[in-house]
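Novice: So I've got this file, model-v4.tsv, and it contains TSV, C-alpha atoms:
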```
chain	number	residue	atom	x	y	z
A	775	GLY	CA	-13.71	-61.78	38.30
A	776	ALA	CA	-14.15	-62.89	34.72
A	777	VAL	CA	-17.27	-61.80	32.88
A	778	VAL	CA	-18.96	-64.40	30.73
A	779	SER	CA	-21.81	-63.77	28.31
A	780	GLN	CA	-24.00	-66.07	26.27
A	781	HIS	CA	-26.17	-65.31	23.28
A	782	PRO	CA	-28.99	-65.80	22.86
A	783	SER	CA	-30.37	-66.06	26.37
A	784	TRP	CA	-33.29	-68.08	25.06
A	785	VAL	CA	-34.30	-69.51	21.70
A	786	ILE	CA	-37.28	-71.36	20.31
A	787	CYS	CA	-36.84	-73.32	17.11
A	788	LYS	CA	-38.60	-75.89	15.00
A	789	SER	CA	-37.60	-79.51	15.03
A	790	GLY	CA	-34.94	-80.26	12.43
A	791	THR	CA	-33.33	-76.84	12.43
A	792	SER	CA	-29.89	-75.95	13.78
A	793	VAL	CA	-29.24	-73.49	16.57
A	794	LYS	CA	-25.98	-71.76	17.39
A	795	ILE	CA	-25.18	-70.63	20.92
A	796	GLU	CA	-22.31	-68.23	21.57
A	797	CYS	CA	-20.25	-67.99	24.71
A	798	ARG	CA	-17.91	-65.06	25.19
A	799	SER	CA	-15.25	-64.58	27.80
A	800	LEU	CA	-15.22	-60.81	27.99
A	801	ASP	CA	-12.13	-60.06	30.04
A	802	PHE	CA	-10.19	-63.28	30.07
A	803	GLN	CA	-8.54	-65.23	27.28
A	804	ALA	CA	-9.95	-68.69	27.66
A	805	THR	CA	-7.86	-71.45	26.17
A	806	THR	CA	-10.50	-73.92	27.28
A	807	MET	CA	-14.29	-73.79	27.28
A	808	PHE	CA	-16.55	-76.15	29.21
A	809	TRP	CA	-20.09	-76.70	27.95
A	810	TYR	CA	-22.81	-78.03	30.22
A	811	ARG	CA	-26.48	-78.78	29.77
A	812	GLN	CA	-29.19	-78.96	32.35
A	813	PHE	CA	-32.56	-80.62	31.92
A	814	PRO	CA	-35.48	-79.45	34.05
A	815	LYS	CA	-35.15	-80.34	37.72
A	816	GLN	CA	-31.78	-81.95	37.14
A	817	SER	CA	-28.20	-80.94	37.83
A	818	LEU	CA	-25.68	-79.63	35.34
A	819	MET	CA	-24.00	-82.26	33.20
A	820	LEU	CA	-20.68	-81.63	31.47
A	821	MET	CA	-21.12	-82.15	27.74
A	822	ALA	CA	-17.77	-81.32	26.25
A	823	THR	CA	-14.52	-79.48	26.70
A	824	SER	CA	-13.05	-77.44	23.90
A	825	ASN	CA	-9.57	-76.10	23.48
A	826	GLU	CA	-8.78	-73.10	21.37
A	827	GLY	CA	-7.69	-74.18	17.94
A	828	SER	CA	-8.28	-77.89	18.38
A	829	LYS	CA	-11.10	-80.41	18.49
A	830	ALA	CA	-13.41	-80.67	21.45
A	831	THR	CA	-13.50	-83.61	23.81
A	832	TYR	CA	-16.99	-84.97	24.38
A	833	GLU	CA	-18.32	-86.76	27.43
A	834	GLN	CA	-19.64	-90.25	27.08
A	835	GLY	CA	-23.10	-90.30	25.59
A	836	VAL	CA	-22.84	-86.90	23.94
A	837	GLU	CA	-22.99	-87.03	20.14
A	838	LYS	CA	-20.16	-85.01	18.68
A	839	ASP	CA	-21.83	-84.77	15.28
A	840	LYS	CA	-24.96	-83.35	16.83
A	841	PHE	CA	-23.34	-80.84	19.17
A	842	LEU	CA	-20.70	-79.03	17.14
A	843	ILE	CA	-18.30	-76.95	19.18
A	844	ASN	CA	-16.04	-74.33	17.71
A	845	HIS	CA	-13.42	-72.55	19.78
A	846	ALA	CA	-11.72	-70.45	17.15
A	847	SER	CA	-10.58	-67.63	19.41
A	848	LEU	CA	-9.63	-67.11	23.03
A	849	THR	CA	-12.75	-65.12	23.72
A	850	LEU	CA	-15.43	-66.94	21.76
A	851	SER	CA	-16.72	-70.49	21.69
A	852	THR	CA	-19.87	-71.64	19.93
A	853	LEU	CA	-22.09	-74.65	20.40
A	854	THR	CA	-24.29	-75.61	17.47
A	855	VAL	CA	-27.13	-78.00	18.05
A	856	THR	CA	-27.66	-79.57	14.64
A	857	SER	CA	-31.02	-80.96	13.53
A	858	ALA	CA	-32.51	-80.14	16.88
A	859	HIS	CA	-35.28	-82.30	18.29
A	860	PRO	CA	-37.58	-81.75	21.26
A	861	GLU	CA	-35.36	-83.92	23.47
A	862	ASP	CA	-32.56	-81.39	22.94
A	863	SER	CA	-34.61	-78.78	24.77
A	864	SER	CA	-32.45	-77.84	27.70
A	865	PHE	CA	-30.49	-75.11	29.46
A	866	TYR	CA	-26.99	-74.81	27.98
A	867	ILE	CA	-24.27	-73.17	30.06
A	868	CYS	CA	-20.62	-72.45	29.35
A	869	ARG	CA	-17.62	-71.83	31.57
A	870	PRO	CA	-14.27	-70.49	30.37
A	871	GLY	CA	-11.21	-72.32	31.60
A	872	GLY	CA	-7.48	-72.56	31.23
A	873	GLY	CA	-6.53	-69.80	33.63
A	874	SER	CA	-6.14	-69.29	37.33
A	875	ILE	CA	-8.83	-70.30	39.78
A	876	GLN	CA	-9.79	-66.67	40.20
A	877	GLU	CA	-10.23	-66.25	36.46
A	878	THR	CA	-12.10	-69.44	35.64
A	879	GLN	CA	-14.61	-69.91	38.41
A	880	TYR	CA	-17.40	-68.08	36.58
A	881	PHE	CA	-20.17	-69.59	34.51
A	882	GLY	CA	-22.14	-68.01	31.74
A	883	PRO	CA	-25.75	-66.99	32.35
A	884	GLY	CA	-27.04	-69.86	30.22
A	885	THR	CA	-29.13	-70.27	27.07
A	886	ARG	CA	-32.52	-71.87	27.24
A	887	LEU	CA	-33.39	-73.85	24.13
A	888	LEU	CA	-36.91	-74.99	23.35
A	889	VAL	CA	-37.38	-77.19	20.31
A	890	LEU	CA	-40.94	-77.50	19.09
B	614	ASP	CA	-19.37	-88.30	38.20
B	615	ALA	CA	-19.71	-86.09	41.25
B	616	LYS	CA	-17.46	-86.88	44.18
B	617	THR	CA	-19.69	-85.24	46.74
B	618	THR	CA	-22.81	-86.07	48.73
B	619	GLN	CA	-25.25	-83.44	49.91
B	620	PRO	CA	-28.70	-83.58	51.51
B	621	PRO	CA	-31.35	-83.02	48.84
B	622	SER	CA	-33.11	-80.21	50.67
B	623	MET	CA	-32.96	-77.96	53.70
B	624	ASP	CA	-35.04	-75.18	55.19
B	625	CYS	CA	-33.79	-72.15	57.05
B	626	ALA	CA	-35.54	-69.27	58.78
B	627	GLU	CA	-34.85	-65.83	57.41
B	628	GLY	CA	-32.15	-64.06	59.40
B	629	ARG	CA	-30.73	-67.27	60.82
B	630	ALA	CA	-27.55	-68.98	59.75
B	631	ALA	CA	-27.84	-71.63	57.06
B	632	ASN	CA	-25.39	-74.48	57.43
B	633	LEU	CA	-25.10	-76.67	54.37
B	634	PRO	CA	-23.07	-79.89	54.75
B	635	CYS	CA	-21.13	-81.75	52.09
B	636	ASN	CA	-19.33	-85.08	52.24
B	637	HIS	CA	-16.33	-85.64	50.01
B	638	SER	CA	-14.63	-88.63	51.58
B	639	THR	CA	-12.58	-89.50	48.46
B	640	ILE	CA	-11.09	-86.06	48.00
B	641	SER	CA	-7.47	-86.00	46.90
B	642	GLY	CA	-4.80	-83.94	48.56
B	643	ASN	CA	-4.63	-81.42	45.73
B	644	GLU	CA	-8.35	-81.02	45.15
B	645	TYR	CA	-10.18	-77.91	46.19
B	646	VAL	CA	-13.69	-77.68	47.57
B	647	TYR	CA	-15.91	-75.26	45.65
B	648	TRP	CA	-19.38	-74.04	46.40
B	649	TYR	CA	-21.77	-72.64	43.83
B	650	ARG	CA	-25.42	-71.85	43.91
B	651	GLN	CA	-28.01	-71.69	41.20
B	652	ILE	CA	-31.11	-69.61	41.32
B	653	HIS	CA	-33.85	-70.73	38.98
B	654	SER	CA	-33.06	-70.26	35.30
B	655	GLN	CA	-29.66	-68.70	35.89
B	656	GLY	CA	-26.10	-69.90	35.52
B	657	PRO	CA	-24.30	-71.13	38.65
B	658	GLN	CA	-22.97	-68.37	40.87
B	659	TYR	CA	-19.58	-68.82	42.53
B	660	ILE	CA	-19.68	-68.55	46.31
B	661	ILE	CA	-16.38	-69.66	47.80
B	662	HIS	CA	-13.63	-72.24	47.59
B	663	GLY	CA	-10.94	-73.68	49.84
B	664	LEU	CA	-8.22	-76.28	50.05
B	665	LYS	CA	-7.44	-76.94	53.71
B	666	ASN	CA	-8.08	-73.84	55.75
B	667	ASN	CA	-11.42	-72.33	56.58
B	668	GLU	CA	-12.34	-69.47	54.30
B	669	THR	CA	-14.62	-66.47	54.59
B	670	ASN	CA	-15.75	-63.86	52.11
B	671	GLU	CA	-18.58	-61.37	51.84
B	672	MET	CA	-21.06	-64.08	50.93
B	673	ALA	CA	-20.27	-67.03	53.15
B	674	SER	CA	-17.86	-69.03	55.25
B	675	LEU	CA	-16.44	-72.42	54.37
B	676	ILE	CA	-15.47	-74.82	57.12
B	677	ILE	CA	-13.37	-77.82	56.04
B	678	THR	CA	-12.75	-80.63	58.49
B	679	GLU	CA	-9.19	-81.47	59.38
B	680	ASP	CA	-9.30	-84.75	57.44
B	681	ARG	CA	-10.88	-82.84	54.51
B	682	LYS	CA	-13.55	-85.47	54.10
B	683	SER	CA	-16.39	-83.05	54.66
B	684	SER	CA	-17.16	-79.37	54.68
B	685	THR	CA	-19.90	-76.95	55.63
B	686	LEU	CA	-20.99	-73.81	53.86
B	687	ILE	CA	-22.34	-71.20	56.22
B	688	LEU	CA	-24.56	-68.34	55.15
B	689	PRO	CA	-24.48	-66.25	58.33
B	690	HIS	CA	-27.77	-64.38	57.95
B	691	ALA	CA	-29.92	-66.05	55.34
B	692	THR	CA	-32.35	-63.93	53.33
B	693	LEU	CA	-35.18	-64.92	51.04
B	694	ARG	CA	-32.88	-64.23	48.10
B	695	ASP	CA	-30.58	-67.01	49.27
B	696	THR	CA	-33.20	-69.57	48.27
B	697	ALA	CA	-31.42	-71.63	45.62
B	698	VAL	CA	-29.80	-74.96	44.85
B	699	TYR	CA	-26.33	-75.14	46.40
B	700	TYR	CA	-23.66	-77.31	44.86
B	701	CYS	CA	-20.51	-78.58	46.51
B	702	ILE	CA	-17.81	-79.62	44.03
B	703	VAL	CA	-14.31	-81.00	44.45
B	704	SER	CA	-11.86	-80.32	41.69
B	705	TYR	CA	-8.18	-79.94	41.06
B	706	ASN	CA	-7.47	-76.48	39.71
B	707	ASN	CA	-11.18	-76.18	38.70
B	708	ASN	CA	-10.59	-77.55	35.22
B	709	ASP	CA	-12.87	-80.51	35.74
B	710	MET	CA	-15.95	-79.46	37.67
B	711	ARG	CA	-18.76	-81.98	37.84
B	712	PHE	CA	-21.99	-81.31	39.61
B	713	GLY	CA	-23.89	-83.55	41.94
B	714	ALA	CA	-27.54	-83.16	42.77
B	715	GLY	CA	-26.94	-80.31	45.22
B	716	THR	CA	-29.02	-79.11	48.15
B	717	ARG	CA	-32.18	-77.12	47.59
B	718	LEU	CA	-32.17	-74.47	50.32
B	719	THR	CA	-35.45	-72.76	51.06
B	720	VAL	CA	-35.30	-69.69	53.25
B	721	LYS	CA	-38.63	-69.07	54.92
B	722	PRO	CA	-39.92	-65.79	56.37
```
Kindly return the structure encoded in the file as structure tokens.
Specialist:
Amino acid sequence: GAVVSQHPSWVICKSGTSVKIECRSLDFQATTMFWYRQFPKQSLMLMATSNEGSKATYEQGVEKDKFLINHASLTLSTLTVTSAHPEDSSFYICRPGGGSIQETQYFGPGTRLLVL
Amino acid sequence: DAKTTQPPSMDCAEGRAANLPCNHSTISGNEYVYWYRQIHSQGPQYIIHGLKNNETNEMASLIITEDRKSSTLILPHATLRDTAVYYCIVSYNNNDMRFGAGTRLTVKP
């Protein structure tokens, strides 16, 4: 199955700074990338869907200017949390898409963000 | 929004079979049933998926009712490491996967 990596695995930052999270699809060319976030003791919530070379589609309630998604290549998508605040502290998880079921059923290991 | 309903929690004795139910009464004819699990602080782990027929792999079995309105994930011999939150998801071609609250399975010695 597809191998998905995320970097960093965890990050602590000060309020007001920006944080970039990378998601790599190591053995599959992902034309689509799904980004989720998960608050403590809650389920995963889909934030946005990006397509390689075009703008991302954001779910209702997710600020597109705050969560910048770049999907410049078929193996790399980035999520930048701009001007992070404590309420942005969460677990961010990606999942490559755009292929067969066998290729796109795998999630990344997640990035835990703590904003102080 | 999730299209599935699962019990919030279940317990299972180590070595016994764990049967996790899921209701998906509004499932469409071309939507698959997927099962994932999430161990604390990790990304979701794929378990199994099916469309109409029952499925089995090295991890689990998936039983889908004939009307496809519900399914059951079976872990045949649960171990302590199977303690996790289990999610049942319905999706067409897995491009739109939305999570419900899941079932927290606790395997007890």
Novice: Point out the residue among A:Val889, A:Ile867, A:Leu850, A:Gly872 with the least atom-to-atom distance to Gln812 (chain A), counting all atoms listed in the file.
Specialist: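 Between A:Val889, A:Ile867, A:Leu850, A:Gly872, the residue approaching Gln812 (chain A) most closely is A:Ile867.
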Novice: Between A:Lys815, A:Lys788, A:Lys794, A:Lys838, single out the one closest to chain B, counting only C-alpha atoms.
Specialist: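 Smallest distance to chain B is found for A:Lys815.
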Novice: Show me, as a ChimeraX atom specification, every residue of chain A with an atom at most 12 Å from chain B, counting only C-alpha atoms.
Specialist: /A:775-780,783-784,804-825,833-834,864-887
Novice: To one decimal place, how far is CA of Ile702 (chain B) from CA of Tyr645 (chain B) in Å?
Specialist: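 Going from CA of Ile702 (chain B) over to CA of Tyr645 (chain B) covers 8.1 Å.
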Novice: CA of Leu675 (chain B) to CA of Ala630 (chain B): how many Å, to one decimal?
Specialist: 12.8 Å
Novice: Could you check how far CA of Ser683 (chain B) sits from CA of Gly642 (chain B), in Å to one decimal?
Specialist: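 About the pair CA of Ser683 (chain B) and CA of Gly642 (chain B): they are 13.1 Å apart.
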Novice: Write out as a list in words which residues come within 8 Å of Pro860 (chain A) when counting all atoms listed in the file, dropping same-chain ones fewer than 3 positions away.
Specialist: Ser789, Ser863, Leu888, Val889 and Leu890 of chain A
